[in-house]
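Student: The file below is protein.cif, mmCIF, C-alpha atoms:
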data_entry
loop_
_atom_site.group_PDB
_atom_site.id
_atom_site.type_symbol
_atom_site.label_atom_id
_atom_site.label_comp_id
_atom_site.auth_asym_id
_atom_site.auth_seq_id
_atom_site.Cartn_x
_atom_site.Cartn_y
_atom_site.Cartn_z
ATOM 1 C CA MET A 1 -103.831 112.211 299.584
ATOM 2 C CA SER A 2 -104.442 111.434 295.959
ATOM 3 C CA LYS A 3 -102.492 112.961 293.110
ATOM 4 C CA THR A 4 -105.407 115.086 291.906
ATOM 5 C CA ARG A 5 -105.840 116.587 295.358
ATOM 6 C CA ILE A 6 -102.167 117.514 295.532
ATOM 7 C CA ALA A 7 -102.388 119.060 292.074
ATOM 8 C CA LEU A 8 -105.524 121.044 293.010
ATOM 9 C CA LEU A 9 -103.957 122.223 296.239
ATOM 10 C CA SER A 10 -100.776 123.369 294.507
ATOM 11 C CA ILE A 11 -102.822 125.242 291.885
ATOM 12 C CA ILE A 12 -104.793 127.021 294.610
ATOM 13 C CA VAL A 13 -101.623 127.956 296.494
ATOM 14 C CA LEU A 14 -100.080 129.236 293.251
ATOM 15 C CA VAL A 15 -103.151 131.342 292.433
ATOM 16 C CA VAL A 16 -103.123 132.870 295.929
ATOM 17 C CA ILE A 17 -99.422 133.703 295.651
ATOM 18 C CA ILE A 18 -99.808 135.230 292.186
ATOM 19 C CA PHE A 19 -102.817 137.326 293.181
ATOM 20 C CA SER A 20 -101.169 138.629 296.337
ATOM 21 C CA PHE A 21 -98.108 139.489 294.250
ATOM 22 C CA MET A 22 -100.253 141.303 291.687
ATOM 23 C CA LEU A 23 -101.996 143.284 294.425
ATOM 24 C CA ASN A 24 -98.668 144.331 295.911
ATOM 25 C CA VAL A 25 -96.919 145.148 292.663
ATOM 26 C CA LYS A 26 -99.077 148.264 292.297
ATOM 27 C CA ASP A 27 -97.283 149.778 295.259
ATOM 28 C CA PHE A 28 -93.984 149.770 293.382
ATOM 29 C CA ALA A 29 -95.224 152.678 291.230
ATOM 30 C CA TYR A 30 -95.239 150.343 288.302
ATOM 31 C CA TYR A 31 -97.503 152.449 286.100
ATOM 32 C CA GLY A 32 -97.405 156.042 284.997
ATOM 33 C CA ASN A 33 -94.413 158.314 285.337
ATOM 34 C CA HIS A 34 -93.913 157.999 289.058
ATOM 35 C CA ASN A 35 -90.824 155.943 288.331
ATOM 36 C CA GLU A 36 -87.879 158.320 288.088
ATOM 37 C CA THR A 37 -85.593 155.884 286.280
ATOM 38 C CA SER A 38 -87.972 155.121 283.420
ATOM 39 C CA LEU A 39 -88.850 158.808 283.109
ATOM 40 C CA TYR A 40 -85.151 159.598 282.864
ATOM 41 C CA TYR A 41 -84.626 156.965 280.171
ATOM 42 C CA VAL A 42 -87.531 158.264 278.107
ATOM 43 C CA THR A 43 -86.615 161.943 278.321
ATOM 44 C CA GLU A 44 -82.807 161.837 278.347
ATOM 45 C CA GLY A 45 -82.116 158.554 276.532
ATOM 46 C CA VAL A 46 -81.650 159.999 273.039
ATOM 47 C CA ASN A 47 -79.574 162.848 274.458
ATOM 48 C CA ASP A 48 -77.284 160.532 276.422
ATOM 49 C CA THR A 49 -76.772 157.753 273.912
ATOM 50 C CA GLY A 50 -77.810 159.019 270.470
ATOM 51 C CA ALA A 51 -79.917 155.889 269.951
ATOM 52 C CA VAL A 52 -83.533 156.421 268.955
ATOM 53 C CA ASN A 53 -84.585 152.961 270.137
ATOM 54 C CA ILE A 54 -84.544 153.367 273.901
ATOM 55 C CA VAL A 55 -84.646 149.626 274.587
ATOM 56 C CA THR A 56 -81.378 149.141 272.699
ATOM 57 C CA ALA A 57 -79.980 152.243 274.387
ATOM 58 C CA ILE A 58 -80.645 150.654 277.771
ATOM 59 C CA LEU A 59 -79.368 147.226 276.698
ATOM 60 C CA PHE A 60 -76.117 148.354 275.096
ATOM 61 C CA ASP A 61 -75.332 151.651 276.801
ATOM 62 C CA TYR A 62 -76.756 152.033 280.296
ATOM 63 C CA ARG A 63 -76.676 148.284 280.944
ATOM 64 C CA GLY A 64 -73.932 147.279 278.526
ATOM 65 C CA PHE A 65 -72.168 145.255 281.185
ATOM 66 C CA ASP A 66 -75.294 143.098 281.670
ATOM 67 C CA THR A 67 -75.365 142.406 277.942
ATOM 68 C CA LEU A 68 -71.735 141.285 278.129
ATOM 69 C CA GLY A 69 -72.806 138.922 280.919
ATOM 70 C CA GLU A 70 -75.609 137.513 278.755
ATOM 71 C CA ALA A 71 -73.191 136.983 275.871
ATOM 72 C CA ILE A 72 -70.824 135.148 278.212
ATOM 73 C CA VAL A 73 -73.699 132.978 279.467
ATOM 74 C CA LEU A 74 -74.494 132.007 275.876
ATOM 75 C CA PHE A 75 -70.800 131.294 275.269
ATOM 76 C CA CYS A 76 -70.712 129.017 278.330
ATOM 77 C CA VAL A 77 -73.865 127.204 277.171
ATOM 78 C CA ALA A 78 -72.422 126.597 273.706
ATOM 79 C CA SER A 79 -69.130 125.386 275.199
ATOM 80 C CA ALA A 80 -70.881 123.066 277.638
ATOM 81 C CA ILE A 81 -73.087 121.581 274.929
ATOM 82 C CA SER A 82 -70.111 120.999 272.620
ATOM 83 C CA MET A 83 -68.279 119.330 275.489
ATOM 84 C CA LEU A 84 -71.308 117.197 276.324
ATOM 85 C CA PHE A 85 -71.749 115.950 272.759
ATOM 86 C CA ALA A 86 -68.050 115.764 271.927
ATOM 87 C CA SER A 87 -67.967 111.964 271.770
ATOM 88 C CA ARG A 88 -70.856 111.788 269.319
ATOM 89 C CA THR A 89 -70.607 112.200 265.563
ATOM 90 C CA ALA A 90 -72.846 113.843 263.017
ATOM 91 C CA PRO A 91 -74.953 111.396 260.980
ATOM 92 C CA LYS A 92 -73.394 110.297 257.701
ATOM 93 C CA LYS A 93 -76.713 109.762 255.951
ATOM 94 C CA SER A 94 -79.947 111.679 256.394
ATOM 95 C CA ALA A 95 -83.228 112.154 254.598
ATOM 96 C CA GLU A 96 -84.076 115.376 252.807
ATOM 97 C CA LEU A 97 -87.435 116.873 251.895
ATOM 98 C CA SER A 98 -88.867 117.055 248.373
ATOM 99 C CA ILE A 99 -87.459 119.220 245.562
ATOM 100 C CA LEU A 100 -90.260 121.729 246.170
ATOM 101 C CA ALA A 101 -89.225 122.352 249.760
ATOM 102 C CA ARG A 102 -85.552 122.507 248.829
ATOM 103 C CA ALA A 103 -86.099 125.048 246.046
ATOM 104 C CA ALA A 104 -88.369 127.167 248.254
ATOM 105 C CA SER A 105 -85.882 127.176 251.120
ATOM 106 C CA LEU A 106 -83.105 128.277 248.736
ATOM 107 C CA LEU A 107 -85.378 131.101 247.584
ATOM 108 C CA TYR A 108 -86.273 132.483 250.979
ATOM 109 C CA SER A 109 -83.055 131.853 252.926
ATOM 110 C CA PRO A 110 -81.331 134.943 251.440
ATOM 111 C CA CYS A 111 -84.352 137.032 252.451
ATOM 112 C CA ILE A 112 -84.139 135.699 256.021
ATOM 113 C CA ILE A 113 -80.408 136.464 256.113
ATOM 114 C CA ILE A 114 -80.996 140.020 254.864
ATOM 115 C CA PHE A 115 -83.761 140.489 257.437
ATOM 116 C CA GLY A 116 -81.523 139.233 260.238
ATOM 117 C CA VAL A 117 -78.652 141.519 259.209
ATOM 118 C CA TYR A 118 -81.105 144.419 258.942
ATOM 119 C CA ILE A 119 -82.387 143.765 262.467
ATOM 120 C CA ILE A 120 -78.807 143.650 263.775
ATOM 121 C CA ILE A 121 -77.416 146.788 262.147
ATOM 122 C CA HIS A 122 -80.594 148.830 262.672
ATOM 123 C CA GLY A 123 -80.708 147.833 266.342
ATOM 124 C CA HIS A 124 -80.394 151.409 267.543
ATOM 125 C CA LEU A 125 -83.101 152.682 265.182
ATOM 126 C CA SER A 126 -85.848 150.077 264.935
ATOM 127 C CA PRO A 127 -87.118 147.225 267.135
ATOM 128 C CA GLY A 128 -84.671 144.407 267.593
ATOM 129 C CA GLY A 129 -80.956 144.259 268.121
ATOM 130 C CA GLY A 130 -78.074 141.874 268.277
ATOM 131 C CA PHE A 131 -79.804 139.038 270.090
ATOM 132 C CA GLN A 132 -82.963 138.910 267.991
ATOM 133 C CA GLY A 133 -81.130 139.335 264.687
ATOM 134 C CA GLY A 134 -78.601 136.680 265.626
ATOM 135 C CA VAL A 135 -81.324 134.173 266.370
ATOM 136 C CA ILE A 136 -82.999 135.003 263.038
ATOM 137 C CA LEU A 137 -79.687 134.369 261.249
ATOM 138 C CA ALA A 138 -79.268 131.063 263.074
ATOM 139 C CA SER A 139 -82.797 129.997 262.125
ATOM 140 C CA VAL A 140 -81.529 129.673 258.532
ATOM 141 C CA VAL A 141 -79.278 126.859 259.779
ATOM 142 C CA LEU A 142 -82.293 125.290 261.487
ATOM 143 C CA ILE A 143 -84.377 125.456 258.295
ATOM 144 C CA HIS A 144 -81.574 123.907 256.260
ATOM 145 C CA LEU A 145 -81.150 121.133 258.839
ATOM 146 C CA VAL A 146 -84.809 120.228 258.375
ATOM 147 C CA VAL A 147 -84.999 120.657 254.603
ATOM 148 C CA PHE A 148 -81.643 119.332 253.378
ATOM 149 C CA GLY A 149 -80.948 116.819 256.127
ATOM 150 C CA GLU A 150 -78.271 116.887 258.786
ATOM 151 C CA SER A 151 -75.425 115.314 256.812
ATOM 152 C CA THR A 152 -75.586 117.835 253.939
ATOM 153 C CA VAL A 153 -75.512 120.815 256.300
ATOM 154 C CA VAL A 154 -72.643 119.343 258.313
ATOM 155 C CA ARG A 155 -70.696 118.804 255.095
ATOM 156 C CA HIS A 156 -71.141 122.406 253.906
ATOM 157 C CA LEU A 157 -70.972 124.341 257.167
ATOM 158 C CA ASP A 158 -67.527 124.563 258.731
ATOM 159 C CA TYR A 159 -67.968 123.935 262.435
ATOM 160 C CA LYS A 160 -64.500 125.214 263.345
ATOM 161 C CA LYS A 161 -65.070 128.527 261.555
ATOM 162 C CA LEU A 162 -68.302 128.976 263.506
ATOM 163 C CA ALA A 163 -66.457 128.388 266.775
ATOM 164 C CA VAL A 164 -63.805 130.926 265.747
ATOM 165 C CA ILE A 165 -66.486 133.502 264.827
ATOM 166 C CA GLU A 166 -68.172 132.914 268.182
ATOM 167 C CA SER A 167 -65.008 133.438 270.220
ATOM 168 C CA PHE A 168 -63.802 136.421 268.232
ATOM 169 C CA SER A 169 -67.151 138.243 268.416
ATOM 170 C CA LEU A 170 -67.032 137.983 272.184
ATOM 171 C CA LEU A 171 -63.459 139.333 272.118
ATOM 172 C CA LEU A 172 -64.644 142.101 269.766
ATOM 173 C CA PHE A 173 -67.344 143.078 272.268
ATOM 174 C CA ILE A 174 -64.803 143.249 275.090
ATOM 175 C CA GLY A 175 -62.338 145.078 272.829
ATOM 176 C CA ILE A 176 -64.905 147.761 271.941
ATOM 177 C CA GLY A 177 -65.576 148.089 275.640
ATOM 178 C CA LEU A 178 -61.864 148.491 276.368
ATOM 179 C CA ILE A 179 -61.301 151.366 273.888
ATOM 180 C CA PRO A 180 -62.707 154.027 276.289
ATOM 181 C CA VAL A 181 -60.468 152.653 279.038
ATOM 182 C CA LEU A 182 -57.433 153.804 277.032
ATOM 183 C CA THR A 183 -58.677 157.391 277.181
ATOM 184 C CA GLY A 184 -59.342 157.245 280.891
ATOM 185 C CA ASN A 185 -63.068 156.462 280.873
ATOM 186 C CA ALA A 186 -64.965 153.541 282.367
ATOM 187 C CA PHE A 187 -65.385 150.170 280.635
ATOM 188 C CA LEU A 188 -68.021 150.324 277.837
ATOM 189 C CA THR A 189 -68.427 154.103 278.016
ATOM 190 C CA ASN A 190 -70.178 155.312 274.907
ATOM 191 C CA LEU A 191 -70.531 158.921 273.859
ATOM 192 C CA PRO A 192 -68.119 161.146 275.770
ATOM 193 C CA SER A 193 -65.187 159.011 274.634
ATOM 194 C CA LEU A 194 -63.783 158.325 271.167
ATOM 195 C CA PHE A 195 -67.019 157.309 269.446
ATOM 196 C CA PRO A 196 -68.804 159.897 267.270
ATOM 197 C CA ARG A 197 -72.372 160.754 268.159
ATOM 198 C CA GLY A 198 -73.772 161.278 264.689
ATOM 199 C CA ILE A 199 -77.299 162.550 264.115
ATOM 200 C CA PRO A 200 -79.853 160.501 266.100
ATOM 201 C CA GLY A 201 -82.044 158.577 263.677
ATOM 202 C CA GLU A 202 -79.364 157.956 261.058
ATOM 203 C CA LEU A 203 -77.624 154.628 260.520
ATOM 204 C CA PHE A 204 -74.173 155.852 261.571
ATOM 205 C CA SER A 205 -75.045 157.295 264.941
ATOM 206 C CA ALA A 206 -75.172 156.385 268.602
ATOM 207 C CA GLY A 207 -71.448 155.818 269.074
ATOM 208 C CA ASN A 208 -70.475 152.230 269.746
ATOM 209 C CA ILE A 209 -74.006 150.807 270.030
ATOM 210 C CA GLY A 210 -74.003 149.752 266.380
ATOM 211 C CA LEU A 211 -70.623 148.037 266.714
ATOM 212 C CA LEU A 212 -71.725 146.261 269.891
ATOM 213 C CA ASN A 213 -74.887 145.127 268.089
ATOM 214 C CA ILE A 214 -72.857 143.641 265.248
ATOM 215 C CA ALA A 215 -70.557 141.858 267.718
ATOM 216 C CA THR A 216 -73.507 140.495 269.700
ATOM 217 C CA GLY A 217 -75.378 139.487 266.558
ATOM 218 C CA SER A 218 -72.547 137.436 265.076
ATOM 219 C CA LYS A 219 -71.866 135.984 268.528
ATOM 220 C CA VAL A 220 -75.478 134.848 269.016
ATOM 221 C CA ALA A 221 -75.799 133.521 265.463
ATOM 222 C CA ALA A 222 -72.587 131.480 265.740
ATOM 223 C CA SER A 223 -73.449 130.217 269.247
ATOM 224 C CA VAL A 224 -76.918 129.053 268.289
ATOM 225 C CA ALA A 225 -75.584 127.425 265.128
ATOM 226 C CA VAL A 226 -72.934 125.616 267.186
ATOM 227 C CA ILE A 227 -75.614 124.442 269.635
ATOM 228 C CA LEU A 228 -77.831 123.226 266.758
ATOM 229 C CA LEU A 229 -74.966 121.419 265.017
ATOM 230 C CA ASN A 230 -74.084 119.703 268.287
ATOM 231 C CA MET A 231 -77.629 118.652 269.089
ATOM 232 C CA ILE A 232 -78.095 116.752 265.830
ATOM 233 C CA LYS A 233 -75.140 114.503 266.635
ATOM 234 C CA ARG A 234 -75.956 110.891 267.362
ATOM 235 C CA VAL A 235 -74.276 108.009 269.088
ATOM 236 C CA GLU A 236 -72.679 105.690 266.534
ATOM 237 C CA GLU A 237 -74.880 102.685 265.844
ATOM 238 C CA ASP A 238 -72.122 100.094 266.317
ATOM 239 C CA GLU A 239 -71.094 101.550 269.680
ATOM 240 C CA ILE A 240 -74.365 100.684 271.346
ATOM 241 C CA MET B 1 -108.722 146.263 269.948
ATOM 242 C CA GLU B 2 -110.193 145.049 273.231
ATOM 243 C CA LEU B 3 -111.867 142.131 271.470
ATOM 244 C CA ILE B 4 -108.678 141.072 269.669
ATOM 245 C CA ASN B 5 -106.835 141.269 272.966
ATOM 246 C CA LEU B 6 -109.439 139.089 274.673
ATOM 247 C CA VAL B 7 -109.407 136.489 271.889
ATOM 248 C CA LEU B 8 -105.611 136.333 271.997
ATOM 249 C CA LEU B 9 -105.574 135.948 275.783
ATOM 250 C CA ILE B 10 -108.102 133.102 275.575
ATOM 251 C CA LEU B 11 -105.920 131.529 272.857
ATOM 252 C CA LEU B 12 -102.966 131.803 275.241
ATOM 253 C CA ILE B 13 -104.834 129.896 277.945
ATOM 254 C CA ILE B 14 -106.079 127.233 275.526
ATOM 255 C CA SER B 15 -102.666 126.656 273.958
ATOM 256 C CA GLY B 16 -101.018 126.618 277.383
ATOM 257 C CA ILE B 17 -103.420 123.960 278.635
ATOM 258 C CA GLY B 18 -102.918 122.082 275.370
ATOM 259 C CA ALA B 19 -99.143 122.143 275.773
ATOM 260 C CA MET B 20 -99.555 120.515 279.174
ATOM 261 C CA THR B 21 -102.221 117.944 278.365
ATOM 262 C CA PHE B 22 -101.515 116.655 274.849
ATOM 263 C CA LYS B 23 -100.399 113.029 274.898
ATOM 264 C CA ASN B 24 -98.150 113.348 271.843
ATOM 265 C CA ILE B 25 -95.091 115.438 272.723
ATOM 266 C CA ILE B 26 -94.794 116.848 269.191
ATOM 267 C CA HIS B 27 -98.348 118.184 269.501
ATOM 268 C CA SER B 28 -97.543 119.908 272.777
ATOM 269 C CA ILE B 29 -94.447 121.494 271.234
ATOM 270 C CA LEU B 30 -96.653 122.848 268.460
ATOM 271 C CA ALA B 31 -99.099 124.149 271.068
ATOM 272 C CA LEU B 32 -96.177 125.906 272.761
ATOM 273 C CA SER B 33 -95.285 127.450 269.404
ATOM 274 C CA ALA B 34 -98.871 128.695 268.991
ATOM 275 C CA PHE B 35 -98.606 130.130 272.513
ATOM 276 C CA SER B 36 -95.510 132.073 271.470
ATOM 277 C CA ILE B 37 -97.155 133.393 268.309
ATOM 278 C CA ALA B 38 -100.196 134.644 270.240
ATOM 279 C CA LEU B 39 -97.866 136.222 272.799
ATOM 280 C CA THR B 40 -95.959 137.933 269.966
ATOM 281 C CA VAL B 41 -99.138 139.539 268.648
ATOM 282 C CA ILE B 42 -100.082 140.644 272.179
ATOM 283 C CA PHE B 43 -96.662 142.235 272.669
ATOM 284 C CA ALA B 44 -96.938 144.007 269.330
ATOM 285 C CA LEU B 45 -100.446 145.271 270.169
ATOM 286 C CA HIS B 46 -99.205 146.614 273.496
ATOM 287 C CA ARG B 47 -96.438 148.523 271.694
ATOM 288 C CA ALA B 48 -93.507 146.444 272.843
ATOM 289 C CA PRO B 49 -92.044 145.623 269.420
ATOM 290 C CA ASP B 50 -88.597 144.742 270.783
ATOM 291 C CA VAL B 51 -89.993 142.008 272.989
ATOM 292 C CA ALA B 52 -92.279 140.930 270.146
ATOM 293 C CA VAL B 53 -89.325 140.397 267.804
ATOM 294 C CA ALA B 54 -87.478 138.479 270.515
ATOM 295 C CA GLU B 55 -90.506 136.319 271.278
ATOM 296 C CA ALA B 56 -91.156 135.610 267.599
ATOM 297 C CA SER B 57 -87.577 134.617 266.823
ATOM 298 C CA VAL B 58 -86.693 132.778 270.020
ATOM 299 C CA GLY B 59 -90.051 131.508 271.269
ATOM 300 C CA ALA B 60 -91.830 130.603 268.067
ATOM 301 C CA GLY B 61 -88.843 129.781 265.893
ATOM 302 C CA LEU B 62 -85.766 128.568 267.690
ATOM 303 C CA THR B 63 -87.228 126.858 270.757
ATOM 304 C CA THR B 64 -89.659 124.854 268.653
ATOM 305 C CA GLY B 65 -86.873 123.580 266.442
ATOM 306 C CA LEU B 66 -84.577 122.838 269.378
ATOM 307 C CA PHE B 67 -87.336 120.965 271.218
ATOM 308 C CA ILE B 68 -88.201 118.899 268.159
ATOM 309 C CA ILE B 69 -84.521 118.033 267.580
ATOM 310 C CA ALA B 70 -84.097 117.103 271.239
ATOM 311 C CA ILE B 71 -87.268 114.988 271.328
ATOM 312 C CA SER B 72 -86.451 113.206 268.079
ATOM 313 C CA ASN B 73 -82.999 112.309 269.432
ATOM 314 C CA THR B 74 -84.398 110.843 272.641
ATOM 315 C CA ILE B 75 -86.945 108.092 273.123
ATOM 316 C CA GLY B 76 -89.632 110.590 274.160
ATOM 317 C CA ALA B 77 -91.245 110.718 270.733
ATOM 318 C CA LYS B 78 -91.457 106.961 270.387
ATOM 319 C CA SER B 79 -92.834 106.105 273.809
ATOM 320 C CA ASP B 80 -96.243 107.621 273.058
ATOM 321 C CA GLU B 81 -96.970 105.725 269.890
#
Go through the file and emit its structure as C-alpha cells.

Tutor:
Amino acid sequence: MSKTRIALLSIIVLVVIIFSFMLNVKDFAYYGNHNETSLYYVTEGVNDTGAVNIVTAILFDYRGFDTLGEAIVLFCVASAISMLFASRTAPKKSAELSILARAASLLYSPCIIIFGVYIIIHGHLSPGGGFQGGVILASVVLIHLVVFGESTVVRHLDYKKLAVIESFSLLLFIGIGLIPVLTGNAFLTNLPSLFPRGIPGELFSAGNIGLLNIATGSKVAASVAVILLNMIKRVEEDEI
Amino acid sequence: MELINLVLLILLIISGIGAMTFKNIIHSILALSAFSIALTVIFALHRAPDVAVAEASVGAGLTTGLFIIAISNTIGAKSDE
C-alpha cells in the first residue's frame, strides 16, 4: 500500500467517524433549552453568584475547583520547562529591531497592559477573565523579546520575582478558597460565606470571583512569562 | 451575516490546508495564526465573546510566538532552505 492510499483511507475513516458523531450528538439535547443544567445556569446564575458574565460564573464559582486544576497544570508546565532548560543560559548578545519598532512598542505596551488588567478585573462583567487577561499581559513580554532582543529583556526582567509571583498567586487562589472553610462551608464557596454580594453589574460584586480572577490572571501572566524566558535560552556555543 | 460566515469558514479550510502543506515552517505557522484569527471572528459572530477573547490571545498571539521561538531554536527552520 502506498503512502497516498494510506492517507486517503485514514481521511475517509476520519470523515465517517466525525459524521457519525455529528449525527449522534443531536440526541444529547445539545440545542435549545432541553438541557436542564444550561437552563439553570442562564436563569439562576446571576442570582447564585452575582456575576453578570455567566461564563466566568461557571468557571470561577460552579466549577472553581476545575479552574484550580487548570492553574496547577500551568504551574506544572512552567516548572517542567524551567527544569528542562535549567542547564542552558540566556543569550548575552541579541539583535534588536529598528528605532521605529522600538519606539512604537514602547508606545503601545502600556495600552496592552491596561487592556490585560481591564480584562482580568472585569472578568465577572465583560467577556474574558483571568486566563485571557493573563495571556494578554504576557504577550507584552513576547513583543519585547522580539523588538528589543532577548538579552535586553533578560537583563531588565527579574526571573526570580516572576517565579515568586507565580507561586504566590497560586497560594492566593487556594487561600481565597480556604476562607469559607473557616466558617464551616465547602472549599471555594462563594456567596453564602464571608464575601459580600454587591449589586450585580458593578465592579465590586460577585463575592470572591473578582479576587480569584486577579489571582488567576497574575498566575497565568507570570507562568507564560517564565515559559517564554526559558524557551529563549540557548546552549552555550563553546559547550557544543 | 450568512455570507460573512461562509467566507470565514472557507478561509478556515484554506488556512488549515495551508498550515499542513506549506514547505516553509514559518509560513505554516503564519497560516495557523490566520486560522486562529478567522476562528476568533466566527466565535464573535456566534456570540461567544469569551471564547473569542481566549482564541485571539492564546491562538493568534501566544501560540504563534511560542512556535516561532521554538522553531528558531531548533534546526527545523534551517532544514527547508

Student: With all atoms listed in the file as the counted atoms, please give the residues lying no more than 7 Å from region 203-216 of chain A, apart from itself and same-chain residues fewer than 3 positions off, as a count of residues only.

Tutor: 27

Student: Step by step, work through what the PyMOL selection byres ((chain B) within 6 of (chain A)) selects in the shown file, and finish by giving those residues as a list in words.

Tutor: Pro49, Asp50, Ala54 and Ser57 of chain B

Student: Contacts of Leu32 (chain B) at 10 Å or less, counting all atoms listed in the file, minus same-chain residues fewer than 4 places along, as a compact mmCIF listing (two decimals) with C-alpha atoms, in the coordinates of the input?

Tutor:
# COMPACT_ATOMS: atom_id res chain seq x y z
CA LEU B 12 -102.97 131.80 275.24
CA SER B 15 -102.67 126.66 273.96
CA GLY B 16 -101.02 126.62 277.38
CA ILE B 17 -103.42 123.96 278.64
CA GLY B 18 -102.92 122.08 275.37
CA ALA B 19 -99.14 122.14 275.77
CA MET B 20 -99.56 120.52 279.17
CA ILE B 26 -94.79 116.85 269.19
CA HIS B 27 -98.35 118.18 269.50
CA SER B 28 -97.54 119.91 272.78
CA SER B 36 -95.51 132.07 271.47
CA ILE B 37 -97.16 133.39 268.31
CA ALA B 38 -100.20 134.64 270.24
CA GLY B 59 -90.05 131.51 271.27
CA ALA B 60 -91.83 130.60 268.07
CA THR B 63 -87.23 126.86 270.76
CA THR B 64 -89.66 124.85 268.65

Student: Given the PyMOL selection byres ((chain B and resi 42) around 12) and the file above, list the residues it selects as a PyMOL selection string.

Tutor: chain B and resi 1-12+35-41+43-49+51-53+55-56

Student: Can you give me, as a ChimeraX atom specification, the residues this file yields under the PyMOL selection byres ((chain A and resi 41) around 12)?

Tutor: /A:33,35-40,42-49,51-59,61-63

Student: Measuring between all atoms listed in the file, which one of A:Val141, A:Ile6, A:Ile174, A:Leu157 shows the shortest distance to Leu62 (chain B)?

Tutor: A:Val141

Student: Need the axis-aligned box for region 124-138 of chain A with 8 Å each side, so what are the centre and edges in Å to one decimal, as AutoDock Vina command-line options?

Tutor:
--center_x -82.6 --center_y 141.9 --center_z 265.7 --size_x 25.0 --size_y 37.6 --size_z 24.8

Student: Could I get region 33-44 of chain B rebuilt with N, CA and C atoms, written as a tab-separated table (two decimals), keeping the file's coordinate frame?

Tutor:
chain	number	residue	atom	x	y	z
B	33	SER	N	-95.60	126.51	270.48
B	33	SER	CA	-95.28	127.45	269.40
B	33	SER	C	-96.45	128.40	269.15
B	34	ALA	N	-97.68	127.85	269.16
B	34	ALA	CA	-98.87	128.70	268.99
B	34	ALA	C	-98.98	129.69	270.13
B	35	PHE	N	-98.65	129.25	271.34
B	35	PHE	CA	-98.61	130.13	272.51
B	35	PHE	C	-97.68	131.31	272.25
B	36	SER	N	-96.48	131.01	271.72
B	36	SER	CA	-95.51	132.07	271.47
B	36	SER	C	-96.01	133.04	270.42
B	37	ILE	N	-96.68	132.51	269.37
B	37	ILE	CA	-97.16	133.39	268.31
B	37	ILE	C	-98.22	134.34	268.84
B	38	ALA	N	-99.16	133.79	269.65
B	38	ALA	CA	-100.20	134.64	270.24
B	38	ALA	C	-99.57	135.70	271.14
B	39	LEU	N	-98.55	135.29	271.90
B	39	LEU	CA	-97.87	136.22	272.80
B	39	LEU	C	-97.17	137.32	272.00
B	40	THR	N	-96.60	136.94	270.83
B	40	THR	CA	-95.96	137.93	269.97
B	40	THR	C	-96.94	139.01	269.54
B	41	VAL	N	-98.14	138.56	269.10
B	41	VAL	CA	-99.14	139.54	268.65
B	41	VAL	C	-99.56	140.43	269.81
B	42	ILE	N	-99.69	139.84	271.02
B	42	ILE	CA	-100.08	140.64	272.18
B	42	ILE	C	-99.02	141.69	272.48
B	43	PHE	N	-97.74	141.27	272.44
B	43	PHE	CA	-96.66	142.24	272.67
B	43	PHE	C	-96.70	143.36	271.65
B	44	ALA	N	-96.92	142.99	270.37
B	44	ALA	CA	-96.94	144.01	269.33
B	44	ALA	C	-98.12	144.96	269.52
